[in-house]
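Undergrad: Sharing a structure below in C-alpha cells format, with a few things to ask.
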Amino acid sequence: MALLTRWITFAHILAQAQTPAGKISGVIVGTDQKPVDGASITLLNAQDSTTVKTLLGNVNGTFAFNNLPGGNYRLKVTMLGYQNYKSGLISIGDKPLVTLPAIVLQQTSKALKEVAVTAQKDFVEQKIDRTVVNVNALISNTGANALEVLEKTPGVLVDENGTISFKGKSGVMILIDDKPTYLSGDNLASYLKAMPASLLDQIELMSNPPAKYEAAGNAGVINIKTKKSKTQGFNGSLAANIGKAAYWRTNESLTLNYHVDKVNLFANLGYNLFNNYRQLEVTRQYFSPGGALTSAYNESAFFHPKNYNKIAKIGMDYYASPQTTIGFVLTGYHLKGATPNAVSSVLKSSSGAIDSTILAQNKSINNLKNGGLNLNYNHKFDKPGTVLSFNLDYLKYDNVVDQTFVNNTYLANGTLANLQIITDNLPTSINIYAAKTDYSQALPNKGKLEAGLKTSFVNTDNAANYFNVVNNISTINYNNTNRFLYNENINAAYLSFNQEYKRFSIQAGLRLENTNITGHQLGNALRGDSSFIQHYTNVFPTAYLLYKLDTAGKHTLNLSYGRRIGRPYYQDLNPFITIIDKYSQFEGNPFLRPQFSSNYQLTYSYRSIWSIALEYNYVSDYQTESDIQRDGIFMATSVNLGQSVFYGINSNLTLTPFKWWNFHLYFQLSTNHDKGDIYQSYLNIKQTSYNINNINQFTFGRGWSGELTYYYLSPTQSAQFTHISREQVNAAIQKKILNNKAAIKLSARDIFRGNFSAGDITNIPNTKATYYNDFANRVLILGFSYSFGTSLKSDKKHDSNVDEQGRVR
C-alpha cells in the first residue's frame with residue numbers, strides 16, 4: 001500500500017510537470033461597464049484558500065496571472081468604494097488558458113458621485129522593510145499640520161528647533177512623495193507647518209531603507225505620502241479649520257482629481273496662517289579657572305512668528321498604453337511672514353548686582369520660495385513584474401531673510417549707555433538637477449531583481465550682507481559679511497534582490513555612491529578667498545531576512561541590517577557667522593565630515609497585533625551641534641564628536657477590546673552613549689530614556705466617534721544637551737454628516753500644557769547654561785471636511801532628487 005501511495009503521488013507530480021503553464025485573465029468593470037483601475041486581485045488556492053499571487057488591475061481594468069500549475073483556484077477582488085467579489089471554482093487542466101467573463105463590481109453606495117466610507121484603515125501597518133501609518137485614521141489630525149502629525153507618530157520625536165528624530169536617533173531623511181523636502185531645521189519646520197494634515201495620506205517609517213533609496217540619513221527615512229487618486233471621473237475633497245492657541249490660526253486645503261480615458265489630472269492646494277509665539281528663558285553663569293563665579297547673564301525673549309504659507313502640487317499622468325505612463329509634477333511652496341522678537345537681557349556681577357540691562361527689538365522678515373518640476377516615464381513589460389522607469393528633476397530654492405537688531409544698553413541707574421543697530425540681508429539660492437532610472441524584473445518562484453542609476457548636481461549660493469547703522473548711515477560690517485559657493489555631484493548605482501520561500505523571505509541590496517564636492521568662500525576687504533575640494537566613494541549594503549515561525553505566518557522574525565551616511569547640511573559647511581541676537585551666534589564649519597552608521601534590528605511580530613524589536617546603531621564621526629562661549633558670546637557650530645552608540649527595545653501593540661474601542665500603544669526603552677573630543681575636553685555621556693505613545697479610538701454610533709491620545713518622553717541627554725521630560729494629552733470628537741460625505745470635528749491639543757522644552761547645556765569650559773521654551777502648544781481646533789466624487793487612493797512614485805533636498809538648513 002505504501003508503494004502504491006508513493007506511485008500515485010509521483011504520477012500526480014509528473015502529470016503536473018507535463019501540464020503546460022496555465023494562465024487566468026480577465027477584466028474588471030463597474031456597473032456602468034467602465035473599467036475599474038487599480039483593483040486588488042488575489043489568486044487563492046481553492047483547497048485551503050491560501051494566497052498564490054496578488055496583483056493590481058491595469059488602467060483598462062485588465063489583469064492576468066501567468067505561469068500557473070494545473071489545479072483549482074478562486075479569485076478575490078477588492079477595491080475601495082466597491083463591494084468585495086469572490087469567484088467560483090476556476091480549473092486549469094487540459095485547457096490551461098482561461099479567459100473569464102467580465103467581473104462586475106458593485107459600488108458600496110448607490111450614488112455614483114458620492115463617497116461612502118465603509119471601513120476604517122488600521123492606524124499602523126507593518127511590512128518587511130517599513131512601518132506604514134495611516135494619517136486619516138486619527139481624527140485628532142483635524143486642523144493639524146504635517147509637523148504636528150509627525151509628533152504623534154510612534155517612534156518620532158520633534159524637538160524645540162523642529163529637528164526630527166526617529167526611534168531616538170537623529171539624522172532622519174524626510175521625504176514627501178519619495179521626494180526630499182529640500183529643507184532642514186527652521187525652514188523644514190516651517191514647510192511642514194504649512195502643509196495641512198488633510199493633504200496627507202500615509203507616513204512610511206523606514207529605519208533600514210532598501211538599496212533603492214539614497215543612503216543618506218543616520219536614523220533612516222520618513223516618507224510623507226500625499227493624497228492622489230487614479231479613479232475614473234472627477235473627485236476631490238476640501239477641508240477648512242480654525243484654531244485658537246495664543247492667537248487665531250487657520251488651515252485650508254483642497255484636493256482635486258480628474259481621470260478620463262488616458263488622462264489623469266490631479267492637484268493638491270493648501271493655505272495656512274501660522275500665528276503663534278515662543279517664550280524663551282536663558283541663564284548663563286561664567287566662572288574663573290578656579291571655579292569662582294565672575295558674572296551672570298539672564299535673557300527673556302518673546303518671538304511672535306506670523307507666516308502666510310501657500311503650498312501646491314499639480315500634475316498629469318498620460319496613459320499612452322496599458323503598459324506605458326508619461327507624466328509630470330509641479331510643486332511649489334511660498335512662505336512669507338515676519339517674526340518680531342523682543343528681548344530683555346540682564347548682566348550681573350559676581351555678587352548678583354546688575355551691571356547693565358539690554359532691551360532689544362529684533363525683527364526677521366522671511367520670503368521663502370521652493371519650486372520643482374518632475375518628468376517621469378513608466379513602462380510595464382508584458383512579463384508581470386518587469387518595469388522600467390525614468391525620472392528627471394529640477395528644483396529651485398530661494399530664501400531671502402532681512403533682519404534688524406536694535407540693542408539699547410542701559411547702566412544700572414537706567415542711563416542709556418549705548419545704542420547699537422545692525423541690519424542684514426541673507427539671500428540663499430540653491431539649484432538641484434537630478435536624473436535616475438529604475439528597473440525591476442520578476443524572477444521565477446516569487447523572486448524579484450531591482451537595479452538603478454542616479455546622478456545629481458547641486459549648486460548653492462549663500463550670501464551674508466551685514467551693516468552697522470549709525471545716525472541712519474549704513475556701513476558694511478566686513479567681519480560678518482561673506483559669500484559662500486558650494487557645488488556637489490553625487491553618482492549612484494544600486495542592485496537589489498529578494499526571494500520568497502514557503503517559510504522565509506530574503507532581500508539584499510548594495511548601493512554605490514560617489515561624491516564630489518567643491519566649496520569656495522569669497523573674500524572681502526578684510527579676508528582673502530579660501531576653498532576646499534572633497535572626493536569620496538562608499539558602498540552601502542542592506543539585508544533583510546523574514547522567517548515565519550508557523551505555517552500560517554502568524555508569528556514572524558525579521559532581521560535587518562543597513563549602512564548609511566549622513567552628509568553635512570549645506571549651510572553647516574558655510575564658514576561665516578550668523579547673528580541670532582547680541583550674545584548668540586552660529587558659525588559654519590567647512591571641515592565638517594560626513595558621518596557613517598551601521599544599523600541592526602531584530603523584530604518579532606504576532607500578526608498585526610503585537611511586535612517587539614531590538615535595535616543597535618553605531619555612528620562614527622558623529623555630527624552634532626556644539627556650543628562654546630567666546631568673550632561672553634555663545635557660539636554654536638556643528639562638529640564631528642567621535643562616536644555615538646544607540647541600543648534599545650521598542651514594542652507596538654494594537655488591540656480591539658470592544659467593537660467600539662481600538663487601542664494602540666508604542667513603547668521604547670533606549671540608551672545613548674556619545675563620546676569624543678570636543679573643544680579641549682572629552683565628552684562621555686551615557687543615558688537611558690523611554691517614551692510612550694498611546695492612541696485610543698472610539699466609535700459611538702450614529703456617525704459619532706472620538707479619540708484620546710497620550711505621549712510621554714522621559715528626560716534625555718545627547719552630546720552637550722540635556723532635556724527635561726515632556727508629555728502631551730490630545731482629544732478629539734467627530735460627527736459624520738451629509739450621508740458620510742462630510743464631517744465636523746473638534747480637537748484639543750496639549751490639554752494640560754505638559755509639552756515644554758527645557759534643559760542644560762553642559763561641557764562648556766567655565767560656563768553653566770540653562771534654557772526653557774514655551775511654544776504655546778495648547779490649541780483648540782474646529783474643522784470641517786467634505787469629500788465628493790469617487791474615493792481617493794494613493795499612488796506611488798519615486799523622484800530622482802531624494803537625497804539632496806533634505807540637507808538645506
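All residue names refer to the C-alpha cells as shown: chains lettered A, B, ... in order, residues numbered from 1 in each chain, ligands numbered from 1 in order.
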Name all residues at most 7 Å from Lys225 (chain A) (count only C-alpha atoms; drop same-chain ones fewer than 3 positions away) and give them as an MDAnalysis selection string.

TA: chainID A and resid 176:177 200:203

Undergrad: Residues within 9 Å of Gln521 (chain A), please, as a ChimeraX atom specification. Count only C-alpha atoms; anything in the same chain fewer than 2 positions from it doesn't count.

TA: /A:482-486,519,523,528-532,574-576

Undergrad: Those same residues - N, CA and C atoms - I'd like them written as a PDB file, in the first residue's frame.

TA:
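So the final result, stored in out-v2.pdb, reads:
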ATOM      1  N   ASN A 482      29.917  88.025   4.031  1.00  0.00           N
ATOM      2  CA  ASN A 482      30.581  86.912   3.372  1.00  0.00           C
ATOM      3  C   ASN A 482      29.722  86.379   2.235  1.00  0.00           C
ATOM      4  N   ARG A 483      30.338  85.519   1.413  1.00  0.00           N
ATOM      5  CA  ARG A 483      29.613  84.816   0.355  1.00  0.00           C
ATOM      6  C   ARG A 483      30.268  83.452   0.172  1.00  0.00           C
ATOM      7  N   PHE A 484      29.427  82.414   0.102  1.00  0.00           N
ATOM      8  CA  PHE A 484      29.922  81.040   0.049  1.00  0.00           C
ATOM      9  C   PHE A 484      29.252  80.316  -1.116  1.00  0.00           C
ATOM     10  N   LEU A 485      30.081  79.741  -2.002  1.00  0.00           N
ATOM     11  CA  LEU A 485      29.605  78.970  -3.149  1.00  0.00           C
ATOM     12  C   LEU A 485      29.930  77.500  -2.917  1.00  0.00           C
ATOM     13  N   TYR A 486      28.949  76.644  -3.178  1.00  0.00           N
ATOM     14  CA  TYR A 486      29.122  75.212  -2.905  1.00  0.00           C
ATOM     15  C   TYR A 486      28.549  74.423  -4.075  1.00  0.00           C
ATOM     16  N   GLY A 519      33.995  73.748  -2.423  1.00  0.00           N
ATOM     17  CA  GLY A 519      33.464  74.874  -1.678  1.00  0.00           C
ATOM     18  C   GLY A 519      34.381  76.069  -1.841  1.00  0.00           C
ATOM     19  N   GLY A 523      36.406  86.234  -0.673  1.00  0.00           N
ATOM     20  CA  GLY A 523      36.999  87.170   0.272  1.00  0.00           C
ATOM     21  C   GLY A 523      36.311  88.525   0.241  1.00  0.00           C
ATOM     22  N   GLY A 528      40.924  87.132   2.601  1.00  0.00           N
ATOM     23  CA  GLY A 528      41.118  86.595   1.270  1.00  0.00           C
ATOM     24  C   GLY A 528      40.221  85.406   1.002  1.00  0.00           C
ATOM     25  N   ASP A 529      40.277  84.909  -0.241  1.00  0.00           N
ATOM     26  CA  ASP A 529      39.488  83.735  -0.624  1.00  0.00           C
ATOM     27  C   ASP A 529      40.019  82.490   0.088  1.00  0.00           C
ATOM     28  N   SER A 530      39.131  81.487   0.199  1.00  0.00           N
ATOM     29  CA  SER A 530      39.535  80.160   0.655  1.00  0.00           C
ATOM     30  C   SER A 530      38.626  79.141  -0.015  1.00  0.00           C
ATOM     31  N   SER A 531      39.118  77.919  -0.179  1.00  0.00           N
ATOM     32  CA  SER A 531      38.333  76.897  -0.858  1.00  0.00           C
ATOM     33  C   SER A 531      38.736  75.515  -0.369  1.00  0.00           C
ATOM     34  N   PHE A 532      37.897  74.519  -0.674  1.00  0.00           N
ATOM     35  CA  PHE A 532      38.224  73.130  -0.352  1.00  0.00           C
ATOM     36  C   PHE A 532      37.601  72.219  -1.405  1.00  0.00           C
ATOM     37  N   ASN A 574      29.054  76.224   5.542  1.00  0.00           N
ATOM     38  CA  ASN A 574      29.272  77.636   5.257  1.00  0.00           C
ATOM     39  C   ASN A 574      30.052  78.276   6.406  1.00  0.00           C
ATOM     40  N   PRO A 575      31.256  78.793   6.167  1.00  0.00           N
ATOM     41  CA  PRO A 575      32.125  79.186   7.277  1.00  0.00           C
ATOM     42  C   PRO A 575      31.794  80.514   7.942  1.00  0.00           C
ATOM     43  N   PHE A 576      30.822  81.288   7.458  1.00  0.00           N
ATOM     44  CA  PHE A 576      30.630  82.596   8.085  1.00  0.00           C
ATOM     45  C   PHE A 576      29.629  82.548   9.236  1.00  0.00           C
TER      46      PHE A 576
END

Undergrad: Which residue gives the smallest distance to Glu125 (chain A) among A:Ser505, A:Ser605, A:Thr357, A:Asn145, with only C-alpha atoms counted?

TA: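 Under the stated criterion, the closest residue is A:Ser605.
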
Undergrad: Measuring atom to atom with only C-alpha atoms, identify which of A:Ser170, A:Ser351, A:Thr437, A:Thr688 is nearest to Asp393 (chain A).

TA: A:Thr437

Undergrad: Given the choices A:Val158, A:Leu100, A:Leu150, A:Leu238, which gets closest to Lys741 (chain A) if the distance is worked out from only C-alpha atoms?

TA: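 Closest to Lys741 (chain A), using only C-alpha atoms: A:Leu238.
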
Undergrad: Neighbouring residues of Ser237 (chain A) were defined as those with any atom within 10 Å, considering only C-alpha atoms; residues of the same chain fewer than 5 positions away were excluded. Please report them as a list in words.

TA: Ser198, Leu199, Lys227, Ser253, Leu254, Thr255, Leu256, Asn257, Asn268, Lys741, Ala742, Ser785, Tyr786, Ser787, Phe788, Gly789, Ser791 and Leu792 of chain A

Undergrad: Go ahead and save the picked residues with N, CA, C and O atoms, as a short mmCIF file (atom, residue, chain, number, x, y, z; two decimals), in the first residue's frame.

TA:
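The resulting file, result_6.cif, is shown below:
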data_model
loop_
_atom_site.label_atom_id
_atom_site.label_comp_id
_atom_site.auth_asym_id
_atom_site.auth_seq_id
_atom_site.Cartn_x
_atom_site.Cartn_y
_atom_site.Cartn_z
N SER A 198 -4.78 67.41 6.20
CA SER A 198 -5.83 66.90 5.32
C SER A 198 -5.30 66.55 3.92
O SER A 198 -5.98 65.88 3.15
N LEU A 199 -4.08 67.02 3.57
CA LEU A 199 -3.48 66.67 2.29
C LEU A 199 -2.71 65.36 2.36
O LEU A 199 -2.28 64.85 1.33
N LYS A 227 -2.13 62.77 -0.77
CA LYS A 227 -3.25 62.11 -1.43
C LYS A 227 -3.18 62.27 -2.95
O LYS A 227 -2.80 63.33 -3.46
N SER A 253 -7.38 73.35 2.83
CA SER A 253 -6.78 72.53 1.77
C SER A 253 -7.85 72.08 0.79
O SER A 253 -9.05 72.02 1.12
N LEU A 254 -7.39 71.76 -0.42
CA LEU A 254 -8.28 71.28 -1.48
C LEU A 254 -7.52 70.26 -2.31
O LEU A 254 -6.38 70.51 -2.74
N THR A 255 -8.10 69.10 -2.53
CA THR A 255 -7.54 68.09 -3.43
C THR A 255 -8.53 67.85 -4.56
O THR A 255 -9.74 67.73 -4.32
N LEU A 256 -8.01 67.79 -5.77
CA LEU A 256 -8.84 67.59 -6.96
C LEU A 256 -8.22 66.52 -7.85
O LEU A 256 -6.98 66.43 -7.94
N ASN A 257 -9.06 65.75 -8.50
CA ASN A 257 -8.57 64.75 -9.44
C ASN A 257 -9.61 64.55 -10.55
O ASN A 257 -10.81 64.45 -10.29
N ASN A 268 -3.15 69.27 -5.47
CA ASN A 268 -3.26 69.45 -4.03
C ASN A 268 -2.91 70.90 -3.71
O ASN A 268 -1.82 71.37 -4.06
N LYS A 741 -20.52 61.95 3.72
CA LYS A 741 -19.62 62.64 2.80
C LYS A 741 -18.87 63.77 3.48
O LYS A 741 -17.85 64.24 2.97
N ALA A 742 -19.33 64.20 4.65
CA ALA A 742 -18.71 65.33 5.34
C ALA A 742 -18.59 65.00 6.83
O ALA A 742 -19.22 64.07 7.34
N SER A 785 -14.71 68.94 6.95
CA SER A 785 -14.16 68.31 5.75
C SER A 785 -15.30 67.75 4.92
O SER A 785 -16.34 67.33 5.46
N TYR A 786 -15.09 67.75 3.61
CA TYR A 786 -16.12 67.29 2.69
C TYR A 786 -15.46 66.59 1.51
O TYR A 786 -14.50 67.10 0.93
N SER A 787 -15.94 65.40 1.18
CA SER A 787 -15.43 64.63 0.05
C SER A 787 -16.51 64.50 -1.01
O SER A 787 -17.69 64.32 -0.70
N PHE A 788 -16.09 64.59 -2.26
CA PHE A 788 -17.05 64.48 -3.35
C PHE A 788 -16.44 63.61 -4.44
O PHE A 788 -15.23 63.46 -4.55
N GLY A 789 -17.29 63.07 -5.29
CA GLY A 789 -16.81 62.18 -6.34
C GLY A 789 -16.56 60.80 -5.80
O GLY A 789 -17.16 60.35 -4.84
N SER A 791 -13.93 57.59 -4.39
CA SER A 791 -13.00 57.51 -3.27
C SER A 791 -11.56 57.72 -3.72
O SER A 791 -11.18 57.37 -4.83
N LEU A 792 -10.76 58.28 -2.81
CA LEU A 792 -9.35 58.52 -3.09
C LEU A 792 -8.51 57.31 -2.73
O LEU A 792 -8.78 56.60 -1.78
#

Undergrad: Measuring atom to atom with only C-alpha atoms, identify which of A:Leu453, A:Ile314, A:Ala219, A:Val400 is nearest to Tyr616 (chain A).

TA: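 Among A:Leu453, A:Ile314, A:Ala219, A:Val400, it is A:Ala219 that comes nearest to Tyr616 (chain A).
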
Undergrad: Restricting the calculation to only C-alpha atoms: of A:Leu138, A:Ala636, A:Ala215, A:Leu557, which residue gets closest to Thr709 (chain A)?

TA: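 Of A:Leu138, A:Ala636, A:Ala215, A:Leu557, the one nearest Thr709 (chain A) is A:Leu138, counting only C-alpha atoms.
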
Undergrad: I'd like the contact shell of Pro35 (chain A) - 9 Å cut-off, only C-alpha atoms, skipping same-chain residues fewer than 2 positions apart - returned as a JSON list (two decimals) with N, CA and C atoms, in the first residue's frame.

TA:
[["chain", "number", "residue", "atom", "x", "y", "z"],
["A", 27, "VAL", "N", -11.13, 40.94, -17.09],
["A", 27, "VAL", "CA", -11.26, 42.39, -17.00],
["A", 27, "VAL", "C", -12.25, 42.71, -15.89],
["A", 28, "ILE", "N", -12.03, 43.82, -15.19],
["A", 28, "ILE", "CA", -12.88, 44.23, -14.08],
["A", 28, "ILE", "C", -13.56, 45.54, -14.45],
["A", 29, "VAL", "N", -14.86, 45.57, -14.34],
["A", 29, "VAL", "CA", -15.62, 46.77, -14.70],
["A", 29, "VAL", "C", -16.61, 47.08, -13.58],
["A", 30, "GLY", "N", -17.15, 48.30, -13.63],
["A", 30, "GLY", "CA", -18.20, 48.68, -12.72],
["A", 30, "GLY", "C", -19.57, 48.39, -13.33],
["A", 32, "ASP", "N", -21.45, 50.42, -14.57],
["A", 32, "ASP", "CA", -21.60, 51.23, -15.78],
["A", 32, "ASP", "C", -20.80, 50.67, -16.95],
["A", 33, "GLN", "N", -20.20, 49.49, -16.74],
["A", 33, "GLN", "CA", -19.39, 48.80, -17.76],
["A", 33, "GLN", "C", -18.09, 49.53, -18.09],
["A", 37, "ASP", "N", -9.96, 50.80, -12.48],
["A", 37, "ASP", "CA", -8.49, 50.86, -12.47],
["A", 37, "ASP", "C", -7.95, 50.63, -11.06],
["A", 59, "VAL", "N", -4.84, 49.98, -15.97],
["A", 59, "VAL", "CA", -5.68, 51.16, -16.16],
["A", 59, "VAL", "C", -6.97, 50.80, -16.88],
["A", 60, "ASN", "N", -6.90, 49.87, -17.84],
["A", 60, "ASN", "CA", -8.09, 49.48, -18.59],
["A", 60, "ASN", "C", -8.87, 48.35, -17.92],
["A", 61, "GLY", "N", -8.52, 48.05, -16.65],
["A", 61, "GLY", "CA", -9.25, 47.05, -15.89],
["A", 61, "GLY", "C", -8.80, 45.62, -16.11],
["A", 62, "THR", "N", -7.87, 45.38, -17.03],
["A", 62, "THR", "CA", -7.45, 44.01, -17.34],
["A", 62, "THR", "C", -6.45, 43.49, -16.32],
["A", 232, "GLN", "N", -11.45, 56.73, -12.05],
["A", 232, "GLN", "CA", -12.10, 57.37, -13.18],
["A", 232, "GLN", "C", -13.12, 58.40, -12.71]]

Undergrad: Please list as a list of chain:residue names every residue within 7 Å of Thr54 (chain A), counting only C-alpha atoms and excluding residues in the same chain fewer than 5 positions away.

TA: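 Near Thr54 (chain A), the qualifying residues are A:Ile41, A:Thr42, A:Leu43.
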
Undergrad: Using DSSP on the backbone coordinates, identify the residues of region 679-738 of chain A assigned to strand (DSSP E or B); present them as a PyMOL selection string.

TA: chain A and resi 681-701+704-713+716-718+721-723+726-737
